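Engineer: Input structure: run36.cif, which contains mmCIF, C-alpha atoms and all ligand atoms.
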data_target
loop_
_atom_site.group_PDB
_atom_site.id
_atom_site.type_symbol
_atom_site.label_atom_id
_atom_site.label_comp_id
_atom_site.auth_asym_id
_atom_site.auth_seq_id
_atom_site.Cartn_x
_atom_site.Cartn_y
_atom_site.Cartn_z
ATOM 1 C CA MET D 1035 -70.026 -147.197 5.522
ATOM 2 C CA GLY D 1036 -69.851 -150.637 3.848
ATOM 3 C CA LYS D 1037 -68.022 -153.537 5.496
ATOM 4 C CA ASP D 1038 -65.437 -153.763 2.732
ATOM 5 C CA LYS D 1039 -64.609 -150.059 3.000
ATOM 6 C CA LEU D 1040 -64.132 -150.399 6.752
ATOM 7 C CA ARG D 1041 -61.894 -153.440 6.259
ATOM 8 C CA ARG D 1042 -59.758 -151.544 3.738
ATOM 9 C CA PHE D 1043 -59.443 -148.541 6.061
ATOM 10 C CA GLU D 1044 -58.382 -150.802 8.902
ATOM 11 C CA LEU D 1045 -55.790 -152.648 6.782
ATOM 12 C CA MET D 1046 -54.450 -149.442 5.270
ATOM 13 C CA LYS D 1047 -53.512 -148.065 8.696
ATOM 14 C CA ASP D 1048 -50.591 -150.518 8.628
ATOM 15 C CA PHE D 1049 -49.488 -149.830 5.046
ATOM 16 C CA ALA D 1050 -45.995 -148.299 5.151
ATOM 17 C CA ASN D 1051 -46.606 -146.586 1.793
ATOM 18 C CA VAL D 1052 -49.807 -144.733 2.788
ATOM 19 C CA PHE D 1053 -49.894 -141.505 4.811
ATOM 20 C CA GLN D 1054 -53.116 -140.244 6.333
ATOM 21 C CA PRO D 1055 -52.168 -136.858 7.814
ATOM 22 C CA THR D 1056 -54.256 -135.065 10.393
ATOM 23 C CA ILE D 1057 -54.655 -131.312 10.064
ATOM 24 C CA SER D 1058 -53.677 -130.720 13.680
ATOM 25 C CA GLU D 1059 -50.134 -132.128 13.392
ATOM 26 C CA PRO D 1060 -47.290 -130.915 11.138
ATOM 27 C CA PHE D 1061 -46.517 -133.474 8.440
ATOM 28 C CA PRO D 1062 -43.070 -134.962 9.230
ATOM 29 C CA LEU D 1063 -41.986 -135.680 5.635
ATOM 30 C CA LYS D 1064 -42.587 -132.146 4.359
ATOM 31 C CA GLY D 1065 -39.296 -131.114 2.726
ATOM 32 C CA LYS D 1066 -37.783 -134.508 3.533
ATOM 33 C CA TRP D 1067 -39.426 -136.973 1.136
ATOM 34 C CA ARG D 1068 -36.180 -137.666 -0.705
ATOM 35 C CA GLN D 1069 -33.916 -138.054 2.321
ATOM 36 C CA GLU D 1070 -36.280 -139.798 4.701
ATOM 37 C CA TYR D 1071 -38.777 -141.735 2.625
ATOM 38 C CA PHE D 1072 -37.413 -142.511 -0.842
ATOM 39 C CA LYS D 1073 -33.762 -142.331 0.252
ATOM 40 C CA ASN D 1074 -32.607 -141.075 -3.133
ATOM 41 C CA ASP D 1075 -32.342 -137.777 -5.034
ATOM 42 C CA ASN D 1076 -34.683 -138.789 -7.845
ATOM 43 C CA PRO D 1077 -37.461 -136.538 -9.150
ATOM 44 C CA ILE D 1078 -40.779 -136.490 -7.306
ATOM 45 C CA ILE D 1079 -43.953 -136.686 -9.376
ATOM 46 C CA LEU D 1080 -47.455 -136.292 -7.928
ATOM 47 C CA GLU D 1081 -50.710 -137.668 -9.251
ATOM 48 C CA LEU D 1082 -53.485 -135.510 -7.798
ATOM 49 C CA GLY D 1083 -56.873 -137.225 -7.584
ATOM 50 C CA CYS D 1084 -55.228 -140.600 -8.135
ATOM 51 C CA GLY D 1085 -58.352 -142.693 -7.402
ATOM 52 C CA LYS D 1086 -57.273 -146.329 -7.307
ATOM 53 C CA GLY D 1087 -53.684 -145.308 -7.897
ATOM 54 C CA GLU D 1088 -52.995 -147.610 -10.820
ATOM 55 C CA TYR D 1089 -51.556 -144.742 -12.870
ATOM 56 C CA SER D 1090 -49.046 -143.853 -10.150
ATOM 57 C CA VAL D 1091 -48.137 -147.532 -9.828
ATOM 58 C CA GLY D 1092 -47.915 -147.894 -13.635
ATOM 59 C CA LEU D 1093 -45.610 -144.873 -13.932
ATOM 60 C CA ALA D 1094 -43.499 -146.061 -11.001
ATOM 61 C CA ASN D 1095 -43.058 -149.435 -12.716
ATOM 62 C CA HIS D 1096 -42.062 -147.742 -15.942
ATOM 63 C CA PHE D 1097 -39.666 -145.261 -14.323
ATOM 64 C CA PRO D 1098 -37.792 -146.980 -11.484
ATOM 65 C CA ASN D 1099 -35.551 -143.903 -11.205
ATOM 66 C CA LYS D 1100 -38.383 -141.520 -10.385
ATOM 67 C CA ASN D 1101 -40.534 -141.269 -7.261
ATOM 68 C CA PHE D 1102 -44.330 -141.130 -7.474
ATOM 69 C CA ILE D 1103 -46.915 -140.034 -4.922
ATOM 70 C CA GLY D 1104 -50.657 -140.407 -5.481
ATOM 71 C CA VAL D 1105 -53.009 -138.124 -3.541
ATOM 72 C CA ASP D 1106 -56.740 -138.631 -3.102
ATOM 73 C CA ILE D 1107 -59.320 -138.233 -0.384
ATOM 74 C CA LYS D 1108 -60.928 -141.598 -1.122
ATOM 75 C CA GLY D 1109 -59.046 -144.202 0.861
ATOM 76 C CA ALA D 1110 -60.996 -147.258 -0.230
ATOM 77 C CA ARG D 1111 -59.933 -146.572 -3.832
ATOM 78 C CA MET D 1112 -56.305 -145.827 -3.012
ATOM 79 C CA PHE D 1113 -56.110 -149.135 -1.119
ATOM 80 C CA ILE D 1114 -55.959 -150.980 -4.458
ATOM 81 C CA GLY D 1115 -52.837 -149.268 -5.826
ATOM 82 C CA ALA D 1116 -51.135 -149.123 -2.428
ATOM 83 C CA LYS D 1117 -51.666 -152.860 -1.897
ATOM 84 C CA GLU D 1118 -50.278 -153.671 -5.340
ATOM 85 C CA ALA D 1119 -47.201 -151.503 -4.727
ATOM 86 C CA LEU D 1120 -46.563 -153.240 -1.403
ATOM 87 C CA ALA D 1121 -47.075 -156.714 -2.885
ATOM 88 C CA ASN D 1122 -44.529 -155.907 -5.603
ATOM 89 C CA LYS D 1123 -42.104 -154.348 -3.100
ATOM 90 C CA MET D 1124 -42.064 -151.073 -5.028
ATOM 91 C CA ASP D 1125 -40.118 -148.485 -3.094
ATOM 92 C CA ASN D 1126 -40.636 -145.574 -5.523
ATOM 93 C CA VAL D 1127 -44.362 -145.065 -4.991
ATOM 94 C CA ALA D 1128 -46.379 -143.788 -2.024
ATOM 95 C CA PHE D 1129 -49.829 -142.378 -1.319
ATOM 96 C CA ILE D 1130 -51.316 -139.570 0.733
ATOM 97 C CA ARG D 1131 -54.941 -139.771 1.738
ATOM 98 C CA SER D 1132 -56.010 -136.154 1.963
ATOM 99 C CA LYS D 1133 -57.812 -133.356 0.230
ATOM 100 C CA ILE D 1134 -55.545 -131.868 -2.445
ATOM 101 C CA ASP D 1135 -56.463 -128.482 -0.979
ATOM 102 C CA PHE D 1136 -53.855 -129.114 1.764
ATOM 103 C CA ILE D 1137 -51.048 -130.173 -0.584
ATOM 104 C CA CYS D 1138 -48.753 -127.356 0.637
ATOM 105 C CA ASP D 1139 -48.800 -128.955 4.103
ATOM 106 C CA TYR D 1140 -47.083 -132.072 2.724
ATOM 107 C CA PHE D 1141 -44.452 -130.660 0.348
ATOM 108 C CA ASP D 1142 -41.955 -127.849 0.674
ATOM 109 C CA ASN D 1143 -41.055 -125.180 -1.886
ATOM 110 C CA ASN D 1144 -39.271 -126.714 -4.891
ATOM 111 C CA GLU D 1145 -39.768 -130.266 -3.647
ATOM 112 C CA VAL D 1146 -41.898 -131.491 -6.569
ATOM 113 C CA ASP D 1147 -40.793 -131.930 -10.195
ATOM 114 C CA GLU D 1148 -44.051 -132.756 -11.964
ATOM 115 C CA ILE D 1149 -47.780 -132.994 -11.321
ATOM 116 C CA TRP D 1150 -50.309 -135.160 -13.152
ATOM 117 C CA LEU D 1151 -54.018 -134.279 -13.101
ATOM 118 C CA THR D 1152 -55.730 -137.410 -14.344
ATOM 119 C CA PHE D 1153 -59.434 -137.383 -15.188
ATOM 120 C CA SER D 1154 -60.115 -134.747 -12.559
ATOM 121 C CA ASP D 1155 -63.719 -133.945 -11.736
ATOM 122 C CA PRO D 1156 -64.858 -131.259 -14.241
ATOM 123 C CA GLN D 1157 -66.928 -129.453 -11.584
ATOM 124 C CA PRO D 1158 -69.287 -127.947 -14.213
ATOM 125 C CA LYS D 1159 -70.902 -125.566 -11.735
ATOM 126 C CA LYS D 1160 -67.909 -124.794 -9.500
ATOM 127 C CA PRO D 1161 -64.894 -123.625 -11.559
ATOM 128 C CA ARG D 1162 -63.049 -122.681 -8.349
ATOM 129 C CA LYS D 1163 -62.983 -126.348 -7.387
ATOM 130 C CA ARG D 1164 -61.383 -127.465 -10.665
ATOM 131 C CA LEU D 1165 -57.874 -128.764 -10.112
ATOM 132 C CA SER D 1166 -56.587 -126.389 -12.812
ATOM 133 C CA SER D 1167 -58.220 -123.293 -11.292
ATOM 134 C CA PRO D 1168 -55.924 -120.441 -10.160
ATOM 135 C CA ILE D 1169 -56.540 -121.373 -6.495
ATOM 136 C CA PHE D 1170 -55.104 -124.853 -7.024
ATOM 137 C CA ILE D 1171 -52.407 -123.704 -9.448
ATOM 138 C CA GLU D 1172 -51.058 -121.297 -6.810
ATOM 139 C CA ARG D 1173 -50.744 -124.256 -4.410
ATOM 140 C CA TYR D 1174 -48.852 -126.213 -7.076
ATOM 141 C CA ARG D 1175 -46.617 -123.208 -7.747
ATOM 142 C CA ALA D 1176 -45.608 -123.227 -4.083
ATOM 143 C CA ILE D 1177 -44.326 -126.808 -4.204
ATOM 144 C CA LEU D 1178 -43.135 -127.191 -7.815
ATOM 145 C CA LYS D 1179 -39.581 -126.579 -8.939
ATOM 146 C CA ARG D 1180 -39.063 -123.530 -11.113
ATOM 147 C CA GLU D 1181 -39.098 -125.626 -14.280
ATOM 148 C CA GLY D 1182 -41.802 -127.935 -12.898
ATOM 149 C CA ILE D 1183 -44.376 -129.374 -15.270
ATOM 150 C CA ILE D 1184 -48.118 -129.971 -14.986
ATOM 151 C CA HIS D 1185 -49.773 -132.648 -17.139
ATOM 152 C CA MET D 1186 -53.500 -133.040 -17.602
ATOM 153 C CA LYS D 1187 -55.354 -135.962 -19.188
ATOM 154 C CA THR D 1188 -59.146 -135.763 -19.391
ATOM 155 C CA ASP D 1189 -62.234 -136.809 -21.298
ATOM 156 C CA SER D 1190 -64.041 -133.594 -20.275
ATOM 157 C CA ASP D 1191 -64.509 -130.820 -22.852
ATOM 158 C CA ILE D 1192 -65.530 -128.415 -20.084
ATOM 159 C CA LEU D 1193 -62.425 -129.018 -17.995
ATOM 160 C CA PHE D 1194 -60.065 -129.070 -20.973
ATOM 161 C CA GLU D 1195 -61.452 -125.893 -22.533
ATOM 162 C CA TYR D 1196 -61.223 -124.183 -19.147
ATOM 163 C CA THR D 1197 -57.619 -125.338 -18.683
ATOM 164 C CA GLU D 1198 -56.647 -124.193 -22.170
ATOM 165 C CA GLU D 1199 -58.139 -120.762 -21.369
ATOM 166 C CA GLN D 1200 -56.231 -120.646 -18.089
ATOM 167 C CA ILE D 1201 -52.966 -121.459 -19.877
ATOM 168 C CA HIS D 1202 -53.493 -118.475 -22.185
ATOM 169 C CA GLU D 1203 -55.002 -116.033 -19.660
ATOM 170 C CA GLN D 1204 -52.431 -116.697 -16.960
ATOM 171 C CA ASN D 1205 -49.501 -116.850 -19.400
ATOM 172 C CA TYR D 1206 -48.417 -120.352 -18.505
ATOM 173 C CA THR D 1207 -46.082 -121.923 -21.053
ATOM 174 C CA CYS D 1208 -47.935 -124.535 -23.073
ATOM 175 C CA LEU D 1209 -45.586 -127.411 -23.969
ATOM 176 C CA GLU D 1210 -48.097 -129.808 -25.571
ATOM 177 C CA LEU D 1211 -51.831 -129.649 -26.170
ATOM 178 C CA THR D 1212 -54.062 -132.010 -28.103
ATOM 179 C CA TRP D 1213 -57.842 -132.412 -28.152
ATOM 180 C CA ASP D 1214 -57.465 -135.992 -29.406
ATOM 181 C CA LEU D 1215 -54.482 -137.649 -27.793
ATOM 182 C CA TYR D 1216 -54.788 -141.056 -29.406
ATOM 183 C CA GLY D 1217 -56.244 -139.822 -32.706
ATOM 184 C CA SER D 1218 -53.647 -137.146 -33.363
ATOM 185 C CA LEU D 1219 -50.640 -137.530 -31.149
ATOM 186 C CA PRO D 1220 -48.562 -134.450 -32.035
ATOM 187 C CA GLU D 1221 -45.357 -135.232 -33.938
ATOM 188 C CA THR D 1222 -43.548 -132.858 -31.624
ATOM 189 C CA ILE D 1223 -44.444 -134.706 -28.430
ATOM 190 C CA ASP D 1224 -41.287 -135.591 -26.551
ATOM 191 C CA PRO D 1225 -40.302 -139.285 -26.592
ATOM 192 C CA GLN D 1226 -40.456 -139.692 -22.800
ATOM 193 C CA THR D 1227 -44.049 -138.437 -22.705
ATOM 194 C CA ARG D 1228 -44.983 -140.521 -25.753
ATOM 195 C CA GLU D 1229 -43.701 -143.772 -24.283
ATOM 196 C CA ILE D 1230 -46.087 -143.654 -21.322
ATOM 197 C CA PHE D 1231 -49.365 -143.210 -23.126
ATOM 198 C CA HIS D 1232 -50.031 -146.941 -22.996
ATOM 199 C CA ILE D 1233 -50.455 -146.578 -19.203
ATOM 200 C CA LYS D 1234 -54.121 -145.838 -18.612
ATOM 201 C CA THR D 1235 -56.022 -144.842 -15.488
ATOM 202 C CA HIS D 1236 -59.180 -146.610 -14.341
ATOM 203 C CA TYR D 1237 -61.431 -143.771 -15.533
ATOM 204 C CA GLU D 1238 -59.530 -143.471 -18.786
ATOM 205 C CA LYS D 1239 -60.317 -147.116 -19.586
ATOM 206 C CA LEU D 1240 -64.004 -146.554 -18.757
ATOM 207 C CA PHE D 1241 -64.265 -143.382 -20.839
ATOM 208 C CA THR D 1242 -62.322 -144.831 -23.765
ATOM 209 C CA ALA D 1243 -64.597 -147.896 -23.822
ATOM 210 C CA LYS D 1244 -67.565 -145.508 -24.096
ATOM 211 C CA GLY D 1245 -65.950 -143.795 -27.087
ATOM 212 C CA SER D 1246 -64.881 -140.581 -25.327
ATOM 213 C CA VAL D 1247 -62.011 -138.671 -26.895
ATOM 214 C CA ILE D 1248 -59.068 -138.199 -24.541
ATOM 215 C CA LYS D 1249 -57.410 -134.797 -24.335
ATOM 216 C CA TYR D 1250 -53.920 -134.045 -23.042
ATOM 217 C CA CYS D 1251 -51.905 -130.968 -22.232
ATOM 218 C CA LYS D 1252 -48.610 -130.236 -20.566
ATOM 219 C CA PHE D 1253 -47.608 -126.792 -19.304
ATOM 220 C CA LYS D 1254 -45.170 -124.880 -17.119
ATOM 221 C CA LEU D 1255 -45.943 -122.003 -14.774
ATOM 222 C CA ASN D 1256 -43.993 -118.782 -15.208
HETATM 223 C C1 LIG E 1 -62.959 -139.071 -11.677
HETATM 224 S S1 LIG E 1 -61.897 -139.649 -10.413
HETATM 225 C C2 LIG E 1 -60.390 -140.026 -11.319
HETATM 226 C C3 LIG E 1 -59.531 -141.028 -10.597
HETATM 227 C C4 LIG E 1 -58.251 -141.443 -11.331
HETATM 228 N N1 LIG E 1 -57.375 -140.319 -11.552
HETATM 229 C C5 LIG E 1 -58.577 -142.103 -12.634
HETATM 230 O O1 LIG E 1 -58.366 -141.473 -13.682
HETATM 231 O O2 LIG E 1 -59.017 -143.256 -12.621
HETATM 232 C C6 LIG E 1 -61.460 -138.168 -9.558
HETATM 233 C C7 LIG E 1 -60.763 -138.423 -8.255
HETATM 234 O O3 LIG E 1 -60.313 -137.183 -7.736
HETATM 235 C C8 LIG E 1 -60.524 -137.176 -6.327
HETATM 236 N N2 LIG E 1 -60.633 -135.760 -5.926
HETATM 237 C C9 LIG E 1 -61.340 -134.786 -6.541
HETATM 238 N N3 LIG E 1 -61.173 -133.618 -5.906
HETATM 239 C C10 LIG E 1 -60.342 -133.867 -4.849
HETATM 240 C C11 LIG E 1 -59.779 -133.054 -3.820
HETATM 241 N N4 LIG E 1 -60.021 -131.755 -3.747
HETATM 242 N N5 LIG E 1 -58.957 -133.663 -2.932
HETATM 243 C C12 LIG E 1 -58.682 -134.982 -3.015
HETATM 244 N N6 LIG E 1 -59.187 -135.800 -3.964
HETATM 245 C C13 LIG E 1 -60.002 -135.240 -4.881
HETATM 246 C C14 LIG E 1 -61.789 -137.983 -6.117
HETATM 247 O O4 LIG E 1 -61.845 -138.517 -4.808
HETATM 248 C C15 LIG E 1 -61.659 -139.066 -7.189
HETATM 249 O O5 LIG E 1 -61.042 -140.236 -6.712
#
Mind converting the file's structure to C-alpha cells?
Ligand SMILES: C[S@@+](CC[C@H](N)C(=O)[O-])C[C@H]1O[C@@H](n2cnc3c(N)ncnc32)[C@H](O)[C@@H]1O
Structural biologist:
Amino acid sequence: MGKDKLRRFELMKDFANVFQPTISEPFPLKGKWRQEYFKNDNPIILELGCGKGEYSVGLANHFPNKNFIGVDIKGARMFIGAKEALANKMDNVAFIRSKIDFICDYFDNNEVDEIWLTFSDPQPKKPRKRLSSPIFIERYRAILKREGIIHMKTDSDILFEYTEEQIHEQNYTCLELTWDLYGSLPETIDPQTREIFHIKTHYEKLFTAKGSVIKYCKFKLN
C-alpha cells in the first residue's frame, strides 16, 4: 500500500464523520442515525459507491435540511469528501467505509428515504454484482421507507439498459428515465431533482469530458 494511502487511513481513524464497522460487532447507529448522530428528524439519503464523496458533500451543501451518508469500500477516496465536510463543519453528511453488501447491518427497516447509485461499476460479466441487481435491490428494500426512491446516474449503456429491464421485469415504479440527461432533460422532471443536476461526481466529470452521454433514472420499489 502506498504511503499516502496509509497516511489517509491513519488520519481517517480520528474523523468523527467516518465509520469503519467491523463485521464482528453490531453497528451502534443502526436504527438510531437520526436521534444519535444527526440529532434531527430530517430525511436520510445514501450515496452507494460514493468514491471521493464529493456528490454526497455537494448534495449536503445544497440541502442543509437533509442528511447524507456516502458508502464505499475505498477509504483513501472517501478521505477527500470526509475531510472537506469536516473542514466546513458540515453536520449533515457522514461516511461509512464498507462493502455495500452489508448495508442492512447499518440501517434499520424504514430508516432511509432515498438512495443514489452514482456511476456504479457496470460489472459487464457479473450482473449479480451490479448495484441494481435484485440481490442489492432486496437489501435496499429492507432499509428504504415504503415510498423510498432510488436514483441512478451512469455513463454505462450496459448498466442502464440492465436497470431499465429490471424496472420493467420487477414491476418497480419508474418515476423518471432519460438516456441523455443533459441533452434531453424531460419536461416532467420534478423541480427538486432538476435543481441538483449541476452537482457532478468525480467520474461524471471524467466521463462528460470524454464525451460520454449521461443517463438518469429514478424509481420506487413496490
Ligand atoms: C466508478 S466508481 C464511482 C465513484 C463515484 N460515485 C463517482 O461517481 O465519482 C465506483 C465506486 O463504487 C465502489 N464500489 C463498487 N462496488 C462496491 C461494493 N460492493 N461495496 C462498496 N463499494 C463499492 C468502488 O469502490 C468505487 O469507488
Engineer: Quick one: distance from atom CA of D:Cys1208 to atom CA of D:Ile1192 in Å, one decimal?
Structural biologist: 18.3 Å
Engineer: May I have the residues within 6 Å of D:Ile1149 as a list in words, using only C-alpha atoms and disregarding those fewer than 6 positions away in the same chain?
Structural biologist: Ile1079, Leu1080, Glu1081 and Ile1184 of chain D
Engineer: Considering all atoms listed in the file, can you say which of D:Pro1098, D:Pro1168, D:Gly1087, D:Pro1055 comes closest to ligand LIG 1 (chain E)?
Structural biologist: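 Between D:Pro1098, D:Pro1168, D:Gly1087, D:Pro1055, the residue approaching ligand LIG 1 (chain E) most closely is D:Gly1087.
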Engineer: Leaving out D:Ile1130 and any residue of its chain fewer than 2 positions from it, which residues lie within 7 Å of it when counting all atoms listed in the file, given as a VMD selection string?
Structural biologist: chain D and resid 1052 to 1054 1104 to 1106 1132
Engineer: Please identify the residues whose atoms come within 10 Å of ligand LIG 1 (chain E), using all atoms listed in the file, and report them as a PyMOL selection string.
Structural biologist: chain D and resi 1081-1090+1104-1112+1130-1137+1150-1157+1163-1165+1170+1187-1189+1234-1241
Engineer: Run through the PyMOL selection byres (((chain D and resi 1042-1049) around 8) and not hetatm) on the given coordinates and return the selected residues as number ranges by chain.
Structural biologist: D: 1038-1041, 1050-1052, 1109-1110, 1113, 1116-1117, 1120
Engineer: When you get a chance, write out N, CA and C atoms for stretch 1204-1221 of chain D, as a PDB file, in the frame of the given file.
Structural biologist:
ATOM      1  N   GLN D1204     -53.400-116.861 -18.046  1.00  0.00           N
ATOM      2  CA  GLN D1204     -52.431-116.697 -16.960  1.00  0.00           C
ATOM      3  C   GLN D1204     -50.981-116.738 -17.465  1.00  0.00           C
ATOM      4  N   ASN D1205     -50.847-116.838 -18.797  1.00  0.00           N
ATOM      5  CA  ASN D1205     -49.501-116.850 -19.400  1.00  0.00           C
ATOM      6  C   ASN D1205     -48.635-118.010 -18.941  1.00  0.00           C
ATOM      7  N   TYR D1206     -49.230-119.161 -18.747  1.00  0.00           N
ATOM      8  CA  TYR D1206     -48.417-120.352 -18.505  1.00  0.00           C
ATOM      9  C   TYR D1206     -47.787-120.739 -19.845  1.00  0.00           C
ATOM     10  N   THR D1207     -46.702-121.507 -19.796  1.00  0.00           N
ATOM     11  CA  THR D1207     -46.082-121.923 -21.053  1.00  0.00           C
ATOM     12  C   THR D1207     -46.641-123.273 -21.460  1.00  0.00           C
ATOM     13  N   CYS D1208     -47.330-123.283 -22.597  1.00  0.00           N
ATOM     14  CA  CYS D1208     -47.935-124.535 -23.073  1.00  0.00           C
ATOM     15  C   CYS D1208     -46.863-125.353 -23.807  1.00  0.00           C
ATOM     16  N   LEU D1209     -46.628-126.574 -23.354  1.00  0.00           N
ATOM     17  CA  LEU D1209     -45.586-127.411 -23.969  1.00  0.00           C
ATOM     18  C   LEU D1209     -46.187-128.410 -24.962  1.00  0.00           C
ATOM     19  N   GLU D1210     -47.368-128.909 -24.657  1.00  0.00           N
ATOM     20  CA  GLU D1210     -48.097-129.808 -25.571  1.00  0.00           C
ATOM     21  C   GLU D1210     -49.573-129.563 -25.335  1.00  0.00           C
ATOM     22  N   LEU D1211     -50.383-129.709 -26.383  1.00  0.00           N
ATOM     23  CA  LEU D1211     -51.831-129.649 -26.170  1.00  0.00           C
ATOM     24  C   LEU D1211     -52.519-130.325 -27.342  1.00  0.00           C
ATOM     25  N   THR D1212     -53.304-131.360 -27.050  1.00  0.00           N
ATOM     26  CA  THR D1212     -54.062-132.010 -28.103  1.00  0.00           C
ATOM     27  C   THR D1212     -55.463-132.352 -27.612  1.00  0.00           C
ATOM     28  N   TRP D1213     -56.441-132.086 -28.470  1.00  0.00           N
ATOM     29  CA  TRP D1213     -57.842-132.412 -28.152  1.00  0.00           C
ATOM     30  C   TRP D1213     -58.158-133.862 -28.500  1.00  0.00           C
ATOM     31  N   ASP D1214     -57.213-134.574 -29.076  1.00  0.00           N
ATOM     32  CA  ASP D1214     -57.465-135.992 -29.406  1.00  0.00           C
ATOM     33  C   ASP D1214     -56.136-136.731 -29.297  1.00  0.00           C
ATOM     34  N   LEU D1215     -55.806-137.091 -28.083  1.00  0.00           N
ATOM     35  CA  LEU D1215     -54.482-137.649 -27.793  1.00  0.00           C
ATOM     36  C   LEU D1215     -54.169-138.874 -28.646  1.00  0.00           C
ATOM     37  N   TYR D1216     -55.098-139.806 -28.699  1.00  0.00           N
ATOM     38  CA  TYR D1216     -54.788-141.056 -29.406  1.00  0.00           C
ATOM     39  C   TYR D1216     -55.066-140.965 -30.905  1.00  0.00           C
ATOM     40  N   GLY D1217     -55.935-139.980 -31.281  1.00  0.00           N
ATOM     41  CA  GLY D1217     -56.244-139.822 -32.706  1.00  0.00           C
ATOM     42  C   GLY D1217     -55.188-138.997 -33.405  1.00  0.00           C
ATOM     43  N   SER D1218     -54.615-138.037 -32.707  1.00  0.00           N
ATOM     44  CA  SER D1218     -53.647-137.146 -33.363  1.00  0.00           C
ATOM     45  C   SER D1218     -52.530-136.776 -32.389  1.00  0.00           C
ATOM     46  N   LEU D1219     -51.770-137.768 -32.043  1.00  0.00           N
ATOM     47  CA  LEU D1219     -50.640-137.530 -31.149  1.00  0.00           C
ATOM     48  C   LEU D1219     -49.674-136.578 -31.869  1.00  0.00           C
ATOM     49  N   PRO D1220     -49.411-135.395 -31.290  1.00  0.00           N
ATOM     50  CA  PRO D1220     -48.562-134.450 -32.035  1.00  0.00           C
ATOM     51  C   PRO D1220     -47.174-135.033 -32.319  1.00  0.00           C
ATOM     52  N   GLU D1221     -46.688-134.761 -33.516  1.00  0.00           N
ATOM     53  CA  GLU D1221     -45.357-135.232 -33.938  1.00  0.00           C
ATOM     54  C   GLU D1221     -44.291-134.751 -32.962  1.00  0.00           C
TER      55      GLU D1221
END
